[in-house]
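Enquirer: Sharing data.txt here; it has compact mmCIF, C-alpha atoms and all ligand atoms.
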# COMPACT_ATOMS: atom_id res chain seq x y z
CA MET A 1 112.73 111.01 91.01
CA ARG A 2 112.51 108.40 88.26
CA ASP A 3 110.04 108.69 85.37
CA TYR A 4 110.23 105.03 84.43
CA ILE A 5 109.53 101.64 85.92
CA GLN A 6 111.70 98.54 85.78
CA PHE A 7 110.65 94.95 86.25
CA VAL A 8 111.59 91.44 85.18
CA LEU A 9 109.36 89.93 82.51
CA ASP A 10 109.93 86.23 81.88
CA GLY A 11 113.57 86.53 82.87
CA GLU A 12 114.35 89.77 81.02
CA ILE A 13 114.75 93.17 82.72
CA VAL A 14 112.35 95.63 81.11
CA THR A 15 112.29 99.43 81.41
CA GLU A 16 109.10 101.32 80.55
CA SER A 17 108.11 104.98 80.68
CA ARG A 18 105.43 107.19 79.16
CA LEU A 19 102.77 104.51 79.54
CA ASP A 20 99.19 105.30 80.45
CA PRO A 21 99.44 104.79 84.23
CA THR A 22 96.04 103.09 84.22
CA MET A 23 97.02 100.58 81.55
CA THR A 24 96.42 97.12 82.96
CA VAL A 25 99.15 94.51 82.96
CA LEU A 26 96.87 92.38 80.77
CA GLN A 27 96.67 95.13 78.13
CA TYR A 28 100.41 95.58 78.33
CA LEU A 29 101.12 91.86 77.88
CA ARG A 30 98.68 91.30 75.04
CA GLU A 31 98.89 94.60 73.14
CA ARG A 32 102.45 95.82 73.77
CA ARG A 33 104.36 92.56 74.20
CA MET A 34 102.16 90.33 72.01
CA LYS A 35 102.09 87.77 74.83
CA THR A 36 98.59 86.62 74.02
CA GLY A 37 98.82 83.38 75.99
CA THR A 38 97.42 85.30 78.95
CA LYS A 39 93.69 85.56 78.29
CA GLU A 40 90.96 88.06 79.03
CA GLY A 41 87.69 86.57 80.22
CA CYS A 42 85.68 88.76 82.57
CA ALA A 43 88.08 91.74 82.83
CA GLU A 44 86.95 92.22 86.42
CA GLY A 45 89.04 89.88 88.52
CA ASP A 46 86.56 87.03 88.75
CA CYS A 47 87.43 84.27 86.27
CA GLY A 48 91.22 83.81 86.54
CA ALA A 49 91.82 83.56 82.76
CA CYS A 50 94.37 86.40 83.03
CA THR A 51 96.40 84.89 85.89
CA VAL A 52 100.19 85.27 85.97
CA VAL A 53 102.73 84.83 88.75
CA LEU A 54 104.17 87.90 90.43
CA ASP A 55 107.41 87.47 92.36
CA GLU A 56 108.73 90.07 94.75
CA LEU A 57 111.51 90.31 97.29
CA VAL A 58 110.20 90.29 100.85
CA ASP A 59 112.90 90.42 103.55
CA GLY A 60 115.44 89.24 100.98
CA LYS A 61 113.40 86.21 99.92
CA ILE A 62 111.24 85.76 96.82
CA ARG A 63 107.50 85.63 97.49
CA SER A 64 105.35 84.37 94.61
CA ARG A 65 101.65 85.03 94.13
CA ALA A 66 99.10 84.30 91.44
CA VAL A 67 97.54 87.63 90.39
CA ASN A 68 94.82 88.77 88.00
CA THR A 69 96.40 91.02 85.38
CA CYS A 70 93.07 92.42 84.16
CA ILE A 71 92.78 94.70 87.21
CA LEU A 72 96.48 95.23 87.92
CA PHE A 73 97.96 98.55 86.80
CA ILE A 74 101.28 98.50 85.01
CA GLY A 75 102.97 100.82 87.52
CA THR A 76 102.56 98.27 90.29
CA LEU A 77 105.15 96.04 88.57
CA ASP A 78 108.05 98.32 89.49
CA GLY A 79 110.79 96.27 91.16
CA LYS A 80 108.93 92.98 90.73
CA GLU A 81 109.05 89.96 88.45
CA LEU A 82 106.26 88.75 86.22
CA ARG A 83 106.12 85.17 84.96
CA THR A 84 103.66 84.40 82.18
CA VAL A 85 102.44 81.15 80.68
CA GLU A 86 104.74 81.76 77.69
CA GLY A 87 107.73 82.37 79.94
CA ILE A 88 107.52 79.11 81.90
CA GLY A 89 107.59 76.76 78.91
CA THR A 90 107.24 76.44 75.16
CA PRO A 91 105.41 73.89 72.99
CA ASP A 92 108.76 72.11 72.50
CA THR A 93 109.91 72.41 76.09
CA PRO A 94 106.79 72.61 78.26
CA ASN A 95 106.89 73.14 81.98
CA LYS A 96 106.03 70.05 84.05
CA ILE A 97 102.62 71.53 84.94
CA GLN A 98 101.81 72.30 81.31
CA GLU A 99 102.70 68.69 80.47
CA LEU A 100 100.54 67.31 83.28
CA VAL A 101 97.53 69.43 82.24
CA ALA A 102 97.84 67.97 78.73
CA ASP A 103 98.49 64.39 79.90
CA LYS A 104 95.56 64.38 82.33
CA HIS A 105 93.16 65.89 79.74
CA ALA A 106 92.65 68.89 82.01
CA SER A 107 91.80 71.27 79.16
CA GLN A 108 89.03 71.38 76.58
CA CYS A 109 88.41 74.79 75.00
CA GLY A 110 91.63 75.92 76.67
CA PHE A 111 90.52 79.44 77.50
CA CYS A 112 90.92 78.99 81.24
CA THR A 113 94.00 76.80 80.91
CA PRO A 114 96.83 79.39 80.97
CA GLY A 115 95.37 80.87 84.15
CA ILE A 116 94.98 77.48 85.77
CA VAL A 117 98.55 76.55 84.87
CA MET A 118 99.85 79.80 86.39
CA SER A 119 97.84 79.34 89.60
CA LEU A 120 99.42 75.88 89.89
CA VAL A 121 102.87 77.36 89.23
CA ALA A 122 102.28 79.75 92.12
CA LEU A 123 101.21 76.83 94.30
CA GLN A 124 104.29 74.88 93.27
CA THR A 125 106.57 77.74 94.29
CA ASP A 126 104.84 77.98 97.64
CA ASP A 127 106.00 75.98 100.65
CA LEU A 128 102.57 74.42 101.19
CA PRO A 129 102.12 70.65 100.86
CA ARG A 130 100.12 69.53 97.79
CA THR A 131 97.01 68.55 99.71
CA ARG A 132 93.57 68.59 98.13
CA ASP A 133 92.60 71.54 100.36
CA ASN A 134 95.60 73.60 99.29
CA ILE A 135 94.96 72.77 95.64
CA ASP A 136 91.31 73.80 95.96
CA GLU A 137 92.42 77.03 97.59
CA ALA A 138 95.01 77.70 94.86
CA LEU A 139 92.40 77.16 92.13
CA ALA A 140 89.56 78.99 93.87
CA GLY A 141 89.97 81.99 91.57
CA ASN A 142 90.02 80.02 88.32
CA LEU A 143 86.75 79.22 86.60
CA CYS A 144 86.51 76.40 84.08
CA ARG A 145 83.17 75.86 82.46
CA CYS A 146 83.86 72.96 80.16
CA THR A 147 86.51 70.52 81.38
CA GLY A 148 85.20 69.87 84.85
CA TYR A 149 87.56 70.10 87.79
CA GLY A 150 88.31 66.38 88.19
CA PRO A 151 91.11 66.22 85.59
CA ILE A 152 92.44 69.63 86.63
CA ILE A 153 92.78 68.44 90.21
CA ASP A 154 94.36 65.17 89.02
CA ALA A 155 97.00 67.22 87.20
CA ALA A 156 97.58 69.36 90.30
CA MET A 157 97.87 66.30 92.58
CA ALA A 158 100.48 64.80 90.23
CA MET A 159 102.77 67.84 90.52
CA GLY A 160 106.09 67.18 92.21
CA GLY A 161 107.18 69.10 95.26
CA GLU A 162 110.13 70.84 93.63
CA ALA A 163 110.00 74.60 93.91
CA GLY A 164 110.72 75.58 90.31
CA ILE A 165 111.36 79.24 91.17
CA PRO A 166 113.82 80.72 88.69
CA ASP A 167 116.73 82.19 90.61
CA ASN A 168 116.14 85.80 89.72
CA ALA A 169 116.78 87.13 93.21
CA GLN A 170 119.90 88.94 91.97
CA ALA A 171 117.98 90.66 89.17
CA LEU A 172 115.24 91.61 91.61
CA LYS A 173 117.77 92.96 94.12
CA ALA A 174 119.28 95.13 91.39
CA LEU A 175 115.84 96.68 90.83
CA GLN A 176 115.29 97.74 94.45
CA HIS A 177 115.83 101.52 94.27
CA GLY A 178 114.64 103.85 97.00
CA GLU A 179 113.68 106.55 94.52
CA LEU A 180 110.19 107.88 94.16
CA VAL A 181 108.71 107.02 90.76
CA LYS A 182 106.33 109.21 88.79
CA LEU A 183 104.64 107.93 85.68
CA SER A 184 102.69 110.48 83.72
CA ALA A 185 100.95 110.70 80.38
CA ASN A 186 98.42 112.87 78.64
CA ILE A 187 95.66 110.57 77.46
CA TYR A 188 93.00 112.15 75.22
CA GLY A 189 93.61 115.52 76.81
CA THR A 190 93.62 114.23 80.40
CA ASP A 191 96.78 114.37 82.47
CA LYS A 192 97.31 111.17 84.41
CA ARG A 193 99.89 110.83 87.15
CA PHE A 194 100.85 107.71 89.06
CA PHE A 195 103.32 107.97 91.93
CA ILE A 196 105.12 105.03 93.46
CA PRO A 197 106.51 106.09 96.85
CA LYS A 198 109.15 103.80 98.29
CA THR A 199 109.17 105.16 101.82
CA VAL A 200 106.57 106.39 104.30
CA ILE A 201 108.16 109.85 104.20
CA GLN A 202 107.75 110.01 100.40
CA LEU A 203 104.13 108.90 100.79
CA ALA A 204 103.43 111.51 103.47
CA LYS A 205 104.91 114.30 101.32
CA LEU A 206 102.84 113.23 98.32
CA LEU A 207 99.66 113.15 100.36
CA GLY A 208 100.43 116.66 101.59
CA GLU A 209 100.90 117.83 98.02
CA TYR A 210 97.95 115.93 96.53
CA PRO A 211 95.42 115.48 99.34
CA LYS A 212 92.67 114.33 96.96
CA THR A 213 94.77 111.62 95.35
CA THR A 214 93.49 108.04 95.14
CA LEU A 215 95.52 105.59 97.19
CA LEU A 216 96.04 102.27 95.46
CA ALA A 217 96.99 99.08 97.29
CA GLY A 218 96.00 96.00 95.34
CA GLY A 219 93.29 97.35 93.06
CA THR A 220 90.35 94.97 93.39
CA ASP A 221 87.97 97.94 93.36
CA ILE A 222 90.04 100.67 91.73
CA GLY A 223 90.92 98.38 88.81
CA LEU A 224 87.22 98.08 88.05
CA TRP A 225 86.75 101.85 88.00
CA VAL A 226 89.01 101.77 84.96
CA THR A 227 88.05 98.56 83.19
CA LYS A 228 84.31 99.08 83.69
S1 LIG B 1 89.94 88.29 82.92
FE1 LIG B 1 88.75 87.32 84.44
S2 LIG B 1 89.94 87.57 86.23
FE2 LIG B 1 90.97 88.69 84.74
S1 LIG B 2 88.73 74.30 79.32
FE1 LIG B 2 87.11 75.56 78.60
S2 LIG B 2 86.76 76.90 80.23
FE2 LIG B 2 88.19 75.55 81.00
I need this file expressed as structure tokens, please.

Expert:
Amino acid sequence: MRDYIQFVLDGEIVTESRLDPTMTVLQYLRERRMKTGTKEGCAEGDCGACTVVLDELVDGKIRSRAVNTCILFIGTLDGKELRTVEGIGTPDTPNKIQELVADKHASQCGFCTPGIVMSLVALQTDDLPRTRDNIDEALAGNLCRCTGYGPIIDAAMAMGGEAGIPDNAQALKALQHGELVKLSANIYGTDKRFFIPKTVIQLAKLLGEYPKTTLLAGGTDIGLWVTK
């Protein structure tokens, strides 16, 4: 059994242990890694300000999704890759989408902008054509209350079709262990345990041992139990 998790963060393999298993990925990024480009708005999975791209290997191929880090627990990153708005480009060398958002005046206060950029990065790495419907769908979880969606959609429509997925399949393959993972920490006198089974047999054994455990898959509700 491992007592640590490993994941790729903006191209770098990271190993973490002894973290509060209910720490959100947003807290981790902003407070542990000082990656404050990813914003907190609602902290309940509604506004999209905290969006990053999560890549994982599915049948040997990378699948990319835009996810809300404010309700995603750190342990769920094991074996996956996280791309943040800071990782895809810098002020001197912006990503094409970051450039388009600036050129098309698709940002005013800028609070929603990192999340919008990352949702568009996820769309760009998808195989879907850049139709208005697909763009609307990709941005459906991102609220902007000051720019108005016209310029944001103009920026999205101007994106090229190139995939732009960094080739980190090798790094991700190296992280695919079959071992059960247990993260644990004592937080203010409370023992917290987070198990990451990798097989159905491991899951069945754990459920036998801890029948009252909470099963987590996604976290849209369970994330709120913690953040609220
Ligand atoms: S902060 Fe609003 S969805 Fe995460
Ligand atoms: S630019 Fe202000 S909320 Fe979108």

Enquirer: When you count all atoms listed in the file, which of these residues is closest to ligand LIG 2 (chain B): A:Met118, A:Ile71, A:Cys47, A:Ile88?

Expert: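 Going through A:Met118, A:Ile71, A:Cys47, A:Ile88 one by one, the smallest distance to ligand LIG 2 (chain B) is for A:Cys47.
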
Enquirer: Could you write out as AutoDock Vina command-line options the box around ligand LIG 1 (chain B) (axis-aligned, all atoms listed in the file, 4 Å on each side), with centre and edge lengths in Å to one decimal?

Expert:
--center_x 89.9 --center_y 88.0 --center_z 84.6 --size_x 10.2 --size_y 9.4 --size_z 11.3

Enquirer: With only C-alpha atoms and all ligand atoms as the atoms that count, which of A:Leu224, A:Val101, A:Leu123, A:Ala169 lies nearest to ligand LIG 1 (chain B)?

Expert: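 Among the listed residues, A:Leu224 lies closest to ligand LIG 1 (chain B).
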
Enquirer: Using only C-alpha atoms and all ligand atoms, find the one residue out of A:Gly60, A:Gly11, A:Gly110, A:Gly79 that sits nearest to ligand LIG 2 (chain B).

Expert: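 Counting only C-alpha atoms and all ligand atoms, the residue closest to ligand LIG 2 (chain B) is A:Gly110.
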
Enquirer: Please tabulate, as a tab-separated table, the residues of chain A that come within 7 Å of ligand LIG 1 (chain B), each with its closest pair of atoms and the distance in Å to one decimal, counting all atoms listed in the file and ordering rows by chain, then residue number upward.

Expert:
residue	atom	partner	partner_atom	distance
A:Lys39	CA	B:LIG1	S1	6.6
A:Glu40	CA	B:LIG1	S1	4.0
A:Gly41	CA	B:LIG1	S1	3.9
A:Cys42	CA	B:LIG1	FE1	3.9
A:Ala43	CA	B:LIG1	S1	3.9
A:Glu44	CA	B:LIG1	S2	5.5
A:Gly45	CA	B:LIG1	S2	3.4
A:Asp46	CA	B:LIG1	S2	4.3
A:Cys47	CA	B:LIG1	FE1	3.8
A:Gly48	CA	B:LIG1	S2	4.0
A:Ala49	CA	B:LIG1	S1	5.1
A:Cys50	CA	B:LIG1	FE2	4.4
A:Thr51	CA	B:LIG1	FE2	6.7
A:Asn68	CA	B:LIG1	FE2	5.0
A:Thr69	CA	B:LIG1	FE2	5.9
A:Cys70	CA	B:LIG1	FE2	4.3
A:Ile71	CA	B:LIG1	FE2	6.7

Enquirer: Quick check, in Å to one decimal: how far apart do CA of Glu12 in chain A and CA of Ile116 in chain A lie?

Expert: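 Going from CA of Glu12 in chain A over to CA of Ile116 in chain A covers 23.4 Å.
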
Enquirer: Can you pull out every residue within 9 Å of Ala66 in chain A, counting all atoms listed in the file, but drop anything in the same chain fewer than 2 positions away, and send it as an MDAnalysis selection string?

Expert: chainID A and resid 51:55 64 68 115 118:123 138

Enquirer: How would you write, as an MDAnalysis selection string, the set of residues no farther than 9 Å from ligand LIG 2 (chain B) when counting all atoms listed in the file?

Expert: chainID A and resid 49 106:113 116 142:149

Enquirer: What does the structure give for the distance between CA of Asp154 in chain A and CA of Glu86 in chain A, in Å to one decimal?

Expert: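 Interatomic distance, CA of Asp154 in chain A to CA of Glu86 in chain A: 22.6 Å.
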
Enquirer: Which residues of range 55-80 of chain A sit at most 9 Å from range 16-21 of chain A, using all atoms listed in the file? Give each one's shortest atom pair and distance in Å (one decimal place), in chain and ascending residue order, as a tab-separated table.

Expert:
residue	atom	partner	partner_atom	distance
A:Phe73	CA	A:Pro21	CA	6.9
A:Ile74	CA	A:Pro21	CA	6.6
A:Gly75	CA	A:Pro21	CA	6.2

Enquirer: Can you tell me which residues surround Thr36 in chain A at a distance of at most 10 Å, considering only C-alpha atoms, apart from same-chain residues fewer than 6 positions away, and format the answer as a compact mmCIF listing (two decimals) with C-alpha atoms, in the frame of the given file?

Expert:
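Saved to around27.txt:
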# COMPACT_ATOMS: atom_id res chain seq x y z
CA LEU A 26 96.87 92.38 80.77
CA GLN A 27 96.67 95.13 78.13
CA LEU A 29 101.12 91.86 77.88
CA ARG A 30 98.68 91.30 75.04
CA CYS A 50 94.37 86.40 83.03
CA THR A 84 103.66 84.40 82.18
CA VAL A 85 102.44 81.15 80.68
CA GLU A 86 104.74 81.76 77.69

Enquirer: Provide the CA of Phe7 in chain A to CA of Gly87 in chain A distance in Å, to one decimal place.

Expert: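 Spanning CA of Phe7 in chain A to CA of Gly87 in chain A is a straight-line distance of 14.4 Å.
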